[in-house]
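Dumped structure.csv below, it's CSV, C-alpha atoms and all ligand atoms:
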```
chain,number,residue,atom,x,y,z
A,23,MET,CA,-0.6,26.8,2.6
A,24,THR,CA,-1.7,27.7,-0.9
A,25,ASP,CA,-1.5,31.2,-2.2
A,26,LEU,CA,1.8,32.3,-0.6
A,27,PHE,CA,3.5,30.1,-3.2
A,28,GLU,CA,1.7,30.7,-6.4
A,29,GLU,CA,4.8,32.1,-8.0
A,30,ILE,CA,7.6,30.6,-6.0
A,31,GLN,CA,8.4,27.3,-7.5
A,32,PRO,CA,11.9,26.5,-8.7
A,33,ILE,CA,10.9,24.0,-11.4
A,34,VAL,CA,7.9,24.1,-13.7
A,35,CYS,CA,6.9,21.6,-16.3
A,36,ARG,CA,4.4,23.2,-18.7
A,37,ASP,CA,3.1,21.6,-22.0
A,38,GLY,CA,6.0,19.1,-21.7
A,39,LYS,CA,8.6,21.9,-21.5
A,40,VAL,CA,10.8,22.1,-18.4
A,41,PHE,CA,11.7,25.5,-16.9
A,42,PHE,CA,14.0,26.3,-14.0
A,43,LEU,CA,13.8,29.6,-12.1
A,44,ASP,CA,17.4,30.9,-12.4
A,45,GLN,CA,18.4,31.2,-8.8
A,46,THR,CA,21.8,32.7,-9.7
A,47,ALA,CA,19.9,35.8,-10.9
A,48,LEU,CA,17.6,36.3,-7.9
A,49,PRO,CA,16.6,38.6,-6.3
A,50,MET,CA,17.7,41.1,-9.0
A,51,GLU,CA,16.1,39.4,-11.9
A,52,THR,CA,13.3,36.8,-12.3
A,53,ARG,CA,14.5,34.8,-15.2
A,54,TRP,CA,13.2,31.4,-16.3
A,55,VAL,CA,15.5,29.1,-18.2
A,56,GLU,CA,14.1,26.4,-20.5
A,57,VAL,CA,16.1,23.2,-20.0
A,58,SER,CA,15.8,20.8,-22.9
A,59,SER,CA,18.3,18.0,-22.4
A,60,ALA,CA,20.0,16.0,-19.7
A,61,GLU,CA,23.2,17.8,-20.4
A,62,ALA,CA,21.6,21.2,-19.9
A,63,CYS,CA,20.0,19.9,-16.7
A,64,GLN,CA,23.4,18.7,-15.4
A,65,ASP,CA,24.9,22.0,-16.2
A,66,ALA,CA,22.1,23.9,-14.5
A,67,ILE,CA,22.5,21.8,-11.3
A,68,LYS,CA,26.3,22.4,-11.3
A,69,LYS,CA,25.9,26.1,-11.7
A,70,LEU,CA,23.2,26.4,-9.0
A,71,VAL,CA,20.6,27.7,-11.5
A,72,VAL,CA,18.5,25.1,-9.6
A,73,ARG,CA,19.8,24.2,-6.1
A,74,GLY,CA,18.8,22.9,-2.7
A,75,ALA,CA,18.7,19.2,-2.0
A,76,PRO,CA,15.1,18.3,-2.8
A,77,ALA,CA,14.9,20.6,-5.8
A,78,ILE,CA,18.1,19.0,-7.2
A,79,GLY,CA,16.4,15.6,-6.9
A,80,VAL,CA,13.3,16.9,-8.8
A,81,ALA,CA,15.5,18.5,-11.4
A,82,ALA,CA,17.5,15.3,-11.9
A,83,ALA,CA,14.2,13.4,-12.4
A,84,PHE,CA,13.2,15.8,-15.1
A,85,GLY,CA,16.7,15.4,-16.6
A,86,MET,CA,16.0,11.7,-16.9
A,87,ALA,CA,12.7,12.5,-18.6
A,88,LEU,CA,14.5,14.8,-21.1
A,89,ALA,CA,17.1,12.1,-21.8
A,90,SER,CA,14.4,9.6,-22.3
A,91,ARG,CA,12.6,11.7,-25.0
A,92,VAL,CA,15.6,11.5,-27.3
A,93,VAL,CA,16.6,7.9,-26.9
A,94,GLN,CA,16.4,6.3,-30.4
A,95,GLU,CA,16.7,2.6,-29.4
A,96,ALA,CA,13.5,0.7,-29.7
A,97,ASP,CA,14.6,-2.3,-27.7
A,98,PHE,CA,14.4,-2.3,-23.8
A,99,GLU,CA,18.1,-3.1,-23.2
A,100,GLY,CA,19.2,-0.4,-25.6
A,101,TYR,CA,16.9,2.1,-24.0
A,102,GLN,CA,17.9,1.1,-20.5
A,103,SER,CA,21.6,1.5,-21.2
A,104,ARG,CA,21.1,5.0,-22.7
A,105,MET,CA,19.2,5.9,-19.6
A,106,ARG,CA,22.0,4.5,-17.4
A,107,GLU,CA,24.4,6.9,-19.2
A,108,ALA,CA,22.0,9.8,-18.6
A,109,ALA,CA,21.8,8.9,-14.9
A,110,GLU,CA,25.6,8.8,-14.6
A,111,LEU,CA,25.9,12.2,-16.3
A,112,LEU,CA,23.3,13.7,-13.9
A,113,ALA,CA,24.9,12.0,-10.9
A,114,SER,CA,28.2,13.8,-11.7
A,115,SER,CA,26.7,17.2,-11.2
A,116,ARG,CA,27.0,17.6,-7.5
A,117,PRO,CA,28.1,15.0,-4.9
A,118,THR,CA,26.6,15.9,-1.5
A,119,ALA,CA,22.8,16.1,-1.7
A,120,VAL,CA,21.6,12.5,-1.5
A,121,ASN,CA,18.2,13.5,-3.0
A,122,LEU,CA,19.9,13.6,-6.4
A,123,PHE,CA,21.0,10.0,-6.2
A,124,TRP,CA,17.7,9.0,-4.6
A,125,ALA,CA,15.7,10.5,-7.5
A,126,LEU,CA,17.9,8.9,-10.1
A,127,ALA,CA,17.6,5.5,-8.4
A,128,ARG,CA,13.9,5.9,-8.2
A,129,VAL,CA,13.5,6.6,-12.0
A,130,GLU,CA,15.9,3.8,-12.9
A,131,LYS,CA,13.9,1.4,-10.6
A,132,LYS,CA,10.8,2.3,-12.5
A,133,ILE,CA,12.6,1.6,-15.8
A,134,ALA,CA,13.8,-1.8,-14.5
A,135,GLU,CA,10.3,-2.7,-13.3
A,136,SER,CA,8.9,-1.9,-16.8
A,137,ARG,CA,10.9,-4.6,-18.5
A,138,GLY,CA,8.7,-6.3,-21.0
A,139,ARG,CA,6.7,-3.2,-22.0
A,140,SER,CA,7.3,-1.2,-25.2
A,141,VAL,CA,9.9,1.5,-25.1
A,142,THR,CA,7.1,4.0,-25.8
A,143,ASP,CA,5.3,2.8,-22.7
A,144,VAL,CA,8.5,3.0,-20.6
A,145,LYS,CA,9.1,6.6,-21.8
A,146,ALA,CA,5.6,7.5,-20.5
A,147,VAL,CA,6.4,5.8,-17.2
A,148,VAL,CA,9.6,7.9,-16.8
A,149,GLU,CA,7.8,11.2,-17.6
A,150,ALA,CA,5.1,10.3,-15.0
A,151,GLU,CA,7.7,9.4,-12.4
A,152,ALA,CA,9.4,12.8,-12.7
A,153,LEU,CA,6.1,14.6,-12.2
A,154,ALA,CA,5.3,12.3,-9.3
A,155,ILE,CA,8.6,13.0,-7.6
A,156,GLN,CA,7.9,16.7,-7.9
A,157,ARG,CA,4.3,16.4,-6.6
A,158,GLU,CA,5.3,14.2,-3.7
A,159,ASN,CA,8.0,16.6,-2.7
A,160,GLU,CA,5.4,19.3,-2.4
A,161,GLU,CA,3.2,17.1,-0.3
A,162,VAL,CA,6.1,16.0,1.9
A,163,CYS,CA,7.3,19.6,2.5
A,164,ARG,CA,3.8,20.7,3.4
A,165,GLU,CA,3.7,17.9,6.0
A,166,ILE,CA,7.2,18.9,7.3
A,167,GLY,CA,5.6,22.3,8.0
A,168,VAL,CA,2.7,20.6,9.9
A,169,GLN,CA,5.1,18.4,11.9
A,170,GLY,CA,7.3,21.4,12.6
A,171,GLN,CA,4.5,23.2,14.5
A,172,ALA,CA,5.6,21.2,17.6
A,173,VAL,CA,8.5,23.6,17.9
A,174,MET,CA,6.6,26.8,16.8
A,175,ARG,CA,4.7,29.3,19.0
A,176,ASP,CA,3.4,32.8,18.7
A,177,GLY,CA,6.2,35.4,18.8
A,178,ILE,CA,9.0,32.9,18.1
A,179,SER,CA,12.3,34.0,16.6
A,180,ILE,CA,14.1,31.5,14.3
A,181,LEU,CA,17.6,31.7,12.9
A,182,THR,CA,18.2,29.9,9.6
A,183,HIS,CA,21.2,29.4,7.4
A,184,CYS,CA,21.3,29.2,3.6
A,185,ASN,CA,18.0,28.7,1.8
A,186,ALA,CA,15.9,25.7,2.6
A,187,GLY,CA,12.6,27.3,1.5
A,188,ALA,CA,10.3,27.0,-1.5
A,189,LEU,CA,13.1,27.8,-3.8
A,190,ALA,CA,15.0,24.7,-2.6
A,191,THR,CA,12.2,22.2,-2.9
A,192,GLY,CA,9.2,21.2,-5.0
A,193,LYS,CA,7.4,23.9,-3.0
A,194,TYR,CA,7.1,25.2,0.7
A,195,GLY,CA,10.6,24.3,1.7
A,196,THR,CA,11.9,22.2,4.6
A,197,ALA,CA,13.4,24.5,7.2
A,198,LEU,CA,11.0,27.3,6.2
A,199,ALA,CA,8.0,25.1,5.9
A,200,PRO,CA,7.2,25.3,9.7
A,201,VAL,CA,7.6,29.1,9.4
A,202,TYR,CA,5.1,29.3,6.6
A,203,ALA,CA,2.7,26.9,8.3
A,204,ALA,CA,2.9,29.0,11.5
A,205,LYS,CA,2.1,32.1,9.5
A,206,GLU,CA,-0.9,30.3,8.0
A,207,ARG,CA,-2.1,29.6,11.6
A,208,GLY,CA,-1.8,33.3,12.4
A,209,LEU,CA,1.3,33.0,14.6
A,210,ARG,CA,3.8,35.8,14.6
A,211,VAL,CA,7.2,34.6,13.5
A,212,ARG,CA,10.5,36.5,13.1
A,213,VAL,CA,13.4,35.0,11.1
A,214,PHE,CA,17.1,35.9,11.2
A,215,ALA,CA,18.6,34.8,7.8
A,216,ASP,CA,22.3,34.3,7.8
A,217,GLU,CA,23.5,35.8,4.6
A,218,THR,CA,25.5,32.6,3.8
A,219,ARG,CA,28.8,33.3,2.3
A,220,PRO,CA,30.0,32.9,-0.4
A,221,LEU,CA,27.0,32.7,-2.7
A,222,LEU,CA,24.5,34.5,-0.4
A,223,GLN,CA,21.6,32.0,-0.6
A,224,GLY,CA,20.4,33.5,2.8
A,225,SER,CA,20.3,37.1,1.8
A,226,ARG,CA,19.4,36.6,-1.9
A,227,LEU,CA,16.9,33.8,-1.6
A,228,THR,CA,15.7,33.2,1.9
A,229,ALA,CA,15.1,37.0,2.5
A,230,TYR,CA,13.5,37.2,-1.0
A,231,GLU,CA,10.9,34.4,-0.4
A,232,LEU,CA,10.1,35.3,3.2
A,233,SER,CA,9.7,39.0,2.6
A,234,ARG,CA,7.4,38.2,-0.4
A,235,ALA,CA,5.3,36.0,1.9
A,236,GLY,CA,5.0,38.9,4.4
A,237,ILE,CA,7.2,37.2,7.0
A,238,ASP,CA,9.4,39.4,9.3
A,239,VAL,CA,12.9,38.6,8.1
A,240,THR,CA,16.2,40.2,9.1
A,241,VAL,CA,19.4,39.5,7.2
A,242,ILE,CA,22.6,39.2,9.2
A,243,THR,CA,26.1,38.3,8.1
A,244,ASP,CA,27.2,34.9,9.1
A,245,GLY,CA,29.6,36.3,11.6
A,246,MET,CA,26.8,38.1,13.5
A,247,ALA,CA,25.0,34.9,14.6
A,248,ALA,CA,26.8,34.7,17.9
A,249,ALA,CA,26.1,38.3,18.8
A,250,VAL,CA,22.4,38.0,17.9
A,251,MET,CA,22.1,34.8,20.0
A,252,SER,CA,23.8,36.4,22.9
A,253,LYS,CA,21.2,39.2,23.0
A,254,GLY,CA,18.5,36.5,23.5
A,255,TRP,CA,17.0,37.2,20.1
A,256,VAL,CA,16.9,33.6,18.8
A,257,ASP,CA,14.5,31.0,20.3
A,258,ALA,CA,15.4,28.2,17.9
A,259,CYS,CA,17.6,27.4,14.8
A,260,ILE,CA,16.1,25.5,11.9
A,261,VAL,CA,18.2,24.6,8.9
A,262,GLY,CA,17.8,22.3,5.9
A,263,CYS,CA,20.1,19.4,5.1
A,264,ASP,CA,21.7,17.8,2.1
A,265,ARG,CA,22.2,14.4,3.7
A,266,VAL,CA,21.6,12.9,7.1
A,267,ALA,CA,23.9,10.0,8.0
A,268,ALA,CA,22.6,6.9,9.8
A,269,ASN,CA,24.0,8.2,13.1
A,270,GLY,CA,22.2,11.6,12.7
A,271,ASP,CA,25.2,13.6,11.6
A,272,VAL,CA,23.9,16.3,9.2
A,273,ALA,CA,25.5,17.7,6.1
A,274,ASN,CA,24.3,21.2,5.1
A,275,LYS,CA,25.6,24.5,3.7
A,276,ILE,CA,29.0,25.5,4.9
A,277,GLY,CA,28.6,27.5,8.1
A,278,THR,CA,25.8,25.3,9.5
A,279,TYR,CA,28.2,23.6,11.9
A,280,SER,CA,29.2,27.0,13.3
A,281,VAL,CA,25.5,27.8,13.9
A,282,ALA,CA,25.0,24.5,15.7
A,283,LEU,CA,28.0,25.2,18.0
A,284,LEU,CA,26.8,28.7,18.7
A,285,ALA,CA,23.3,27.4,19.4
A,286,LYS,CA,24.8,24.8,21.9
A,287,ALA,CA,26.8,27.6,23.6
A,288,HIS,CA,23.7,29.7,24.0
A,289,ASN,CA,21.4,26.8,25.0
A,290,ILE,CA,19.2,27.3,21.9
A,291,PRO,CA,17.6,24.2,20.3
A,292,PHE,CA,19.0,23.4,16.8
A,293,TYR,CA,16.8,21.5,14.4
A,294,ALA,CA,17.4,20.2,10.9
A,295,ALA,CA,14.4,19.7,8.6
A,296,CYS,CA,14.3,17.4,5.7
A,297,PRO,CA,12.2,14.9,3.8
A,298,LEU,CA,12.9,11.2,4.6
A,299,SER,CA,14.6,11.0,1.2
A,300,THR,CA,17.4,13.0,2.6
A,301,ILE,CA,18.2,10.3,5.3
A,302,ASP,CA,20.9,8.0,4.0
A,303,LEU,CA,21.2,4.9,6.1
A,304,ALA,CA,23.9,3.6,3.7
A,305,THR,CA,26.1,6.4,5.0
A,306,ALA,CA,27.1,5.4,8.5
A,307,GLN,CA,28.4,8.8,9.7
A,308,GLY,CA,29.0,12.3,8.6
A,309,SER,CA,32.7,11.8,7.8
A,310,ASP,CA,31.6,9.4,5.1
A,311,ILE,CA,29.7,12.1,3.2
A,312,VAL,CA,31.4,13.5,0.1
A,313,ILE,CA,31.7,17.3,0.5
A,314,GLU,CA,31.6,19.2,-2.7
A,315,GLU,CA,34.5,21.7,-3.2
A,316,ARG,CA,33.7,24.5,-5.5
A,317,ASP,CA,35.7,27.0,-7.5
A,318,PRO,CA,37.8,29.3,-5.2
A,319,LEU,CA,36.8,32.2,-7.4
A,320,GLU,CA,33.4,32.0,-5.7
A,321,ILE,CA,35.2,33.4,-2.6
A,322,THR,CA,37.8,35.7,-4.2
A,323,GLU,CA,35.3,37.4,-6.5
A,324,TYR,CA,31.7,38.5,-6.4
A,325,LEU,CA,29.7,39.7,-9.4
A,326,ASP,CA,33.0,39.6,-11.3
A,327,LYS,CA,34.7,42.0,-8.9
A,328,PRO,CA,37.7,40.8,-6.8
A,329,THR,CA,37.1,40.5,-3.1
A,330,ALA,CA,40.7,39.3,-2.3
A,331,PRO,CA,44.1,39.9,-3.7
A,332,GLN,CA,44.6,38.3,-7.2
A,333,GLY,CA,46.1,34.8,-7.0
A,334,VAL,CA,45.5,34.4,-3.3
A,335,LYS,CA,44.6,30.8,-2.2
A,336,ALA,CA,41.0,30.2,-1.1
A,337,TYR,CA,39.4,27.0,0.2
A,338,ASN,CA,35.7,26.6,-0.8
A,339,PRO,CA,33.9,23.6,0.6
A,340,ALA,CA,30.2,24.0,-0.2
A,341,PHE,CA,29.0,22.0,2.9
A,342,ASP,CA,30.0,21.0,6.4
A,343,VAL,CA,28.9,18.3,8.8
A,344,THR,CA,27.2,19.0,12.0
A,345,PRO,CA,27.7,16.2,14.5
A,346,SER,CA,24.5,14.6,15.8
A,347,ARG,CA,25.3,15.5,19.4
A,348,LEU,CA,24.5,19.1,18.4
A,349,VAL,CA,21.2,18.3,16.7
A,350,THR,CA,18.2,18.7,19.0
A,351,GLY,CA,15.8,17.0,16.5
A,352,ILE,CA,15.3,16.3,12.8
A,353,ILE,CA,11.9,17.5,11.5
A,354,THR,CA,10.5,15.1,8.8
A,355,GLU,CA,7.2,14.4,7.3
A,356,ALA,CA,7.0,11.4,9.6
A,357,GLY,CA,7.4,13.6,12.7
A,358,ILE,CA,10.3,15.0,14.6
A,359,VAL,CA,13.1,12.4,15.1
A,360,TYR,CA,15.0,12.8,18.4
A,361,PRO,CA,18.1,11.0,19.6
A,362,PRO,CA,19.2,8.2,19.8
A,363,TYR,CA,19.3,8.8,16.0
A,364,THR,CA,20.7,5.4,14.9
A,365,GLU,CA,17.5,3.7,16.1
A,366,ASN,CA,15.0,6.5,15.6
A,367,LEU,CA,16.0,7.5,12.0
A,368,ALA,CA,15.7,3.8,10.9
A,369,ALA,CA,12.3,3.6,12.6
A,370,ALA,CA,11.2,6.9,11.0
A,371,LEU,CA,12.1,5.5,7.5
A,372,VAL,CA,10.0,2.4,8.1
A,373,ARG,CA,7.1,4.6,9.5
A,374,GLY,CA,7.3,7.0,6.6
A,375,VAL,CA,7.2,4.4,3.7
A,376,ARG,CA,4.1,5.2,1.8
A,377,GLY,CA,1.4,2.7,2.2
A,378,ALA,CA,3.2,0.8,5.0
B,401,LIG,O1,24.6,24.9,-2.5
B,401,LIG,P1,23.1,24.9,-2.2
B,401,LIG,O2,22.5,26.2,-2.4
B,401,LIG,O3,22.4,23.9,-3.1
B,401,LIG,O4,22.9,24.5,-0.7
B,401,LIG,C1,21.6,24.3,-0.2
B,401,LIG,C2,21.6,23.9,1.2
B,401,LIG,O5,22.6,23.7,1.9
B,401,LIG,C3,20.2,23.7,1.8
B,401,LIG,O6,20.2,24.0,3.1
B,401,LIG,C4,19.9,22.2,1.7
B,401,LIG,O7,20.1,21.7,0.4
B,401,LIG,C5,18.5,21.9,2.1
B,401,LIG,S1,17.3,22.6,0.9
B,401,LIG,C6,15.8,22.2,1.5
```

Will you turn the file into structure tokens for me?
Ligand code: MRU
Amino acid sequence: MTDLFEEIQPIVCRDGKVFFLDQTALPMETRWVEVSSAEACQDAIKKLVVRGAPAIGVAAAFGMALASRVVQEADFEGYQSRMREAAELLASSRPTAVNLFWALARVEKKIAESRGRSVTDVKAVVEAEALAIQRENEEVCREIGVQGQAVMRDGISILTHCNAGALATGKYGTALAPVYAAKERGLRVRVFADETRPLLQGSRLTAYELSRAGIDVTVITDGMAAAVMSKGWVDACIVGCDRVAANGDVANKIGTYSVALLAKAHNIPFYAACPLSTIDLATAQGSDIVIEERDPLEITEYLDKPTAPQGVKAYNPAFDVTPSRLVTGIITEAGIVYPPYTENLAAALVRGVRGA
């Protein structure tokens, strides 16, 4: 999987400068935003300029690198406490995707392990760690694509929700990685992309990247999924996820739970795909996951035009939780994890630890 992605990468670090591909502008406009401080990075994550769980983690790591560059303190303790503040700021951007907290913890661990070295050296360690997190996410997503081939076959039709593709990760995607890998193998794959109300990540982003890669994609509104399944047009559902609890409950874009229920009703397998870094054993079950609530205006307006009567109430949770009983399997870089999830997720994490 090489050339399909030459241009689709949400975060680029070039000559020390950090750029995000502005995903609020796609597909109408390809606009790169230079991000030059932790504050700007936090703001970009909040506004979904950069979005998707793994990409948020990569962005946060670069946010730490940007914060590090401007720390004035020359002593380790002073440096570490400024970086703690930066981590807290970045952590406040969005609550649900565990990859954000995972990446921040990873950078902070590197800092702690560097105690005794000069602050100049520690700054270089932080820069290198951000780049490593990005590079590793690319490798991991490529491997998710390889592992996901176990569920792919020639002529398969997949339904996906939101965008868990190249735009949401270091590269390649999670839910879409098996689709891209299948295309590379010469298999014919058809994808139904739920448009994904209210911010249309499915129609704006998934359809954008799949059509650019020459993959047969059909956009449907979220409410059409049942009808499409009832016609026998969907062989499997594959979605991404923002956090997997220890018991296998999966948090993902609002509407994913409905897709899983519909899949169950139509006897269609339902897979979540994610890097191991999305599995959070510290969260026992889905009800413990903090679900981000966003501005109701995202529902009552679109492109600054009202879509509901002025002043009407709107409820806008960005994610929902799909109970593990509806999840056929979780596709990771360490293989597909099947129930019983409590045992098998923990084992996958042990298996997946690099070098173990
Ligand atoms: O609000 P978003 O666009 O960040 O939501 C993204 C999703 O729900 C994705 O499916 C998830 O983060 C997985 S991305 C590989």

Please provide as a short mmCIF file (atom, residue, chain, number, x, y, z; two decimals) with C-alpha atoms, in the coordinates of the input all residues within 12 Å of A:Gln102, with the sequence filter that same-chain residues fewer than 4 positions apart are discarded (counting only C-alpha atoms).
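Generated output (result_9.cif):
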```
data_model
loop_
_atom_site.label_atom_id
_atom_site.label_comp_id
_atom_site.auth_asym_id
_atom_site.auth_seq_id
_atom_site.Cartn_x
_atom_site.Cartn_y
_atom_site.Cartn_z
CA MET A 86 16.00 11.70 -16.90
CA ALA A 89 17.10 12.10 -21.80
CA SER A 90 14.40 9.60 -22.30
CA VAL A 93 16.60 7.90 -26.90
CA GLN A 94 16.40 6.30 -30.40
CA GLU A 95 16.70 2.60 -29.40
CA ALA A 96 13.50 0.70 -29.70
CA ASP A 97 14.60 -2.30 -27.70
CA PHE A 98 14.40 -2.30 -23.80
CA ARG A 106 22.00 4.50 -17.40
CA GLU A 107 24.40 6.90 -19.20
CA ALA A 108 22.00 9.80 -18.60
CA ALA A 109 21.80 8.90 -14.90
CA VAL A 129 13.50 6.60 -12.00
CA GLU A 130 15.90 3.80 -12.90
CA LYS A 131 13.90 1.40 -10.60
CA LYS A 132 10.80 2.30 -12.50
CA ILE A 133 12.60 1.60 -15.80
CA ALA A 134 13.80 -1.80 -14.50
CA GLU A 135 10.30 -2.70 -13.30
CA SER A 136 8.90 -1.90 -16.80
CA ARG A 137 10.90 -4.60 -18.50
CA GLY A 138 8.70 -6.30 -21.00
CA SER A 140 7.30 -1.20 -25.20
CA VAL A 141 9.90 1.50 -25.10
CA VAL A 144 8.50 3.00 -20.60
CA LYS A 145 9.10 6.60 -21.80
CA VAL A 148 9.60 7.90 -16.80
#
```

Give me the chain A side of the contact with ligand LIG 401 (chain B), cut-off 7 Å, one line per residue showing its nearest atom pair and distance in Å at one decimal, counting only C-alpha atoms and all ligand atoms, sorted by chain and residue number, as CSV.
```
residue,atom,partner,partner_atom,distance
A:Leu70,CA,B:LIG401,O3,6.5
A:Arg73,CA,B:LIG401,O3,4.0
A:Gly74,CA,B:LIG401,O7,3.6
A:Ala75,CA,B:LIG401,O7,3.7
A:Pro76,CA,B:LIG401,C6,5.8
A:Ala119,CA,B:LIG401,O7,6.6
A:His183,CA,B:LIG401,O6,7.0
A:Cys184,CA,B:LIG401,O6,5.3
A:Asn185,CA,B:LIG401,O6,5.3
A:Ala186,CA,B:LIG401,C6,3.7
A:Gly187,CA,B:LIG401,C6,6.0
A:Ala190,CA,B:LIG401,S1,4.7
A:Thr191,CA,B:LIG401,C6,5.7
A:Gly195,CA,B:LIG401,C6,5.6
A:Thr196,CA,B:LIG401,C6,5.0
A:Ala197,CA,B:LIG401,C6,6.6
A:Gln223,CA,B:LIG401,O2,6.1
A:Val261,CA,B:LIG401,O6,6.2
A:Gly262,CA,B:LIG401,C5,3.9
A:Cys263,CA,B:LIG401,C5,4.2
A:Asp264,CA,B:LIG401,O7,4.5
A:Asn274,CA,B:LIG401,O5,4.4
A:Lys275,CA,B:LIG401,O5,3.6
A:Cys296,CA,B:LIG401,C6,6.6
A:Ala340,CA,B:LIG401,O1,6.1
A:Phe341,CA,B:LIG401,O5,6.7
```

Do you know which residues lie at most 12 Å from (-1.3, 34.9, 12.5), with coordinates as in the file and all atoms listed in the file counted, and could you write them as a PyMOL selection string? chain A and resi 175-178+201-212+236-237

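The protein and nucleic acid residues lying at most 8 Å from A:Lys39 are Glu56, Val57 and Ser58 of chain A, with all atoms listed in the file considered and sequence neighbours fewer than 5 positions away removed.
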
Separation of atom CA of A:Ser115 from atom CA of A:Asp216 in Å: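 Between these atoms lies a distance of 25.9 Å.
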
Taking (11.6, 39.4, 1.4) in the coordinates of the supplied file, I want to know which residues reach to within 12 Å of it, counting only C-alpha atoms; could you give the answer as a ChimeraX atom specification? /A:48-49,213-215,224-241

Looking at A:Ile180, A:Ala188, A:Leu88, A:Ile260, which one is nearest to A:Thr350, with distances taken over all atoms listed in the file?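 Of A:Ile180, A:Ala188, A:Leu88, A:Ile260, the one nearest A:Thr350 is A:Ile260, counting all atoms listed in the file.
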
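Minimum distance to A:Leu126 across A:Ser299, A:Thr243, A:Thr46, A:Thr344 (counting only C-alpha atoms) occurs at A:Ser299.
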
Between A:Ala368, A:Ala267, A:Ile155, A:Ile353, which residue has the minimum interatomic distance to A:Gln169, considering only C-alpha atoms?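 Smallest distance to A:Gln169 is found for A:Ile353.
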
Measuring between only C-alpha atoms, which one of A:Leu111, A:Ala294, A:Ala125, A:Ala285 shows the shortest distance to A:Ala199?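 Closest candidate: A:Ala294.
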
By how many Å are atom CA of A:Gly79 and atom CA of A:Asp302 apart? 14.0 Å

I'd like the box whose edges run along x, y and z of the file and which contains every listed atom of stretch 268-275 of chain A, padded by 8 Å per side; could you state its centre and edge lengths in Å, one decimal, as JSON?
```
{"center_x": 23.9, "center_y": 15.7, "center_z": 8.4, "size_x": 19.4, "size_y": 33.6, "size_z": 25.4}
```

As a list in words, please: the residues near A:Asn269 (cut-off 12 Å, all atoms listed in the file, same-chain neighbours under 5 positions excluded). Ile301, Asp302, Leu303, Ala304, Thr305, Ala306, Gln307, Gly308, Ser309, Asp310, Thr344, Pro345, Ser346, Arg347, Val349, Ile352, Val359, Tyr360, Pro361, Pro362, Tyr363, Thr364, Glu365, Asn366, Leu367 and Ala368 of chain A

From the list A:Ala113, A:Val266, A:Leu153, A:Leu43, the nearest residue to A:Thr300 using all atoms listed in the file is A:Val266

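Atom CA of A:Tyr324 lies 8.3 Å from atom CA of A:Leu221.
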
Counting all atoms listed in the file, which of A:Tyr279, A:Trp54, A:Tyr194, A:Tyr337 gets nearest to A:Arg164? A:Tyr194
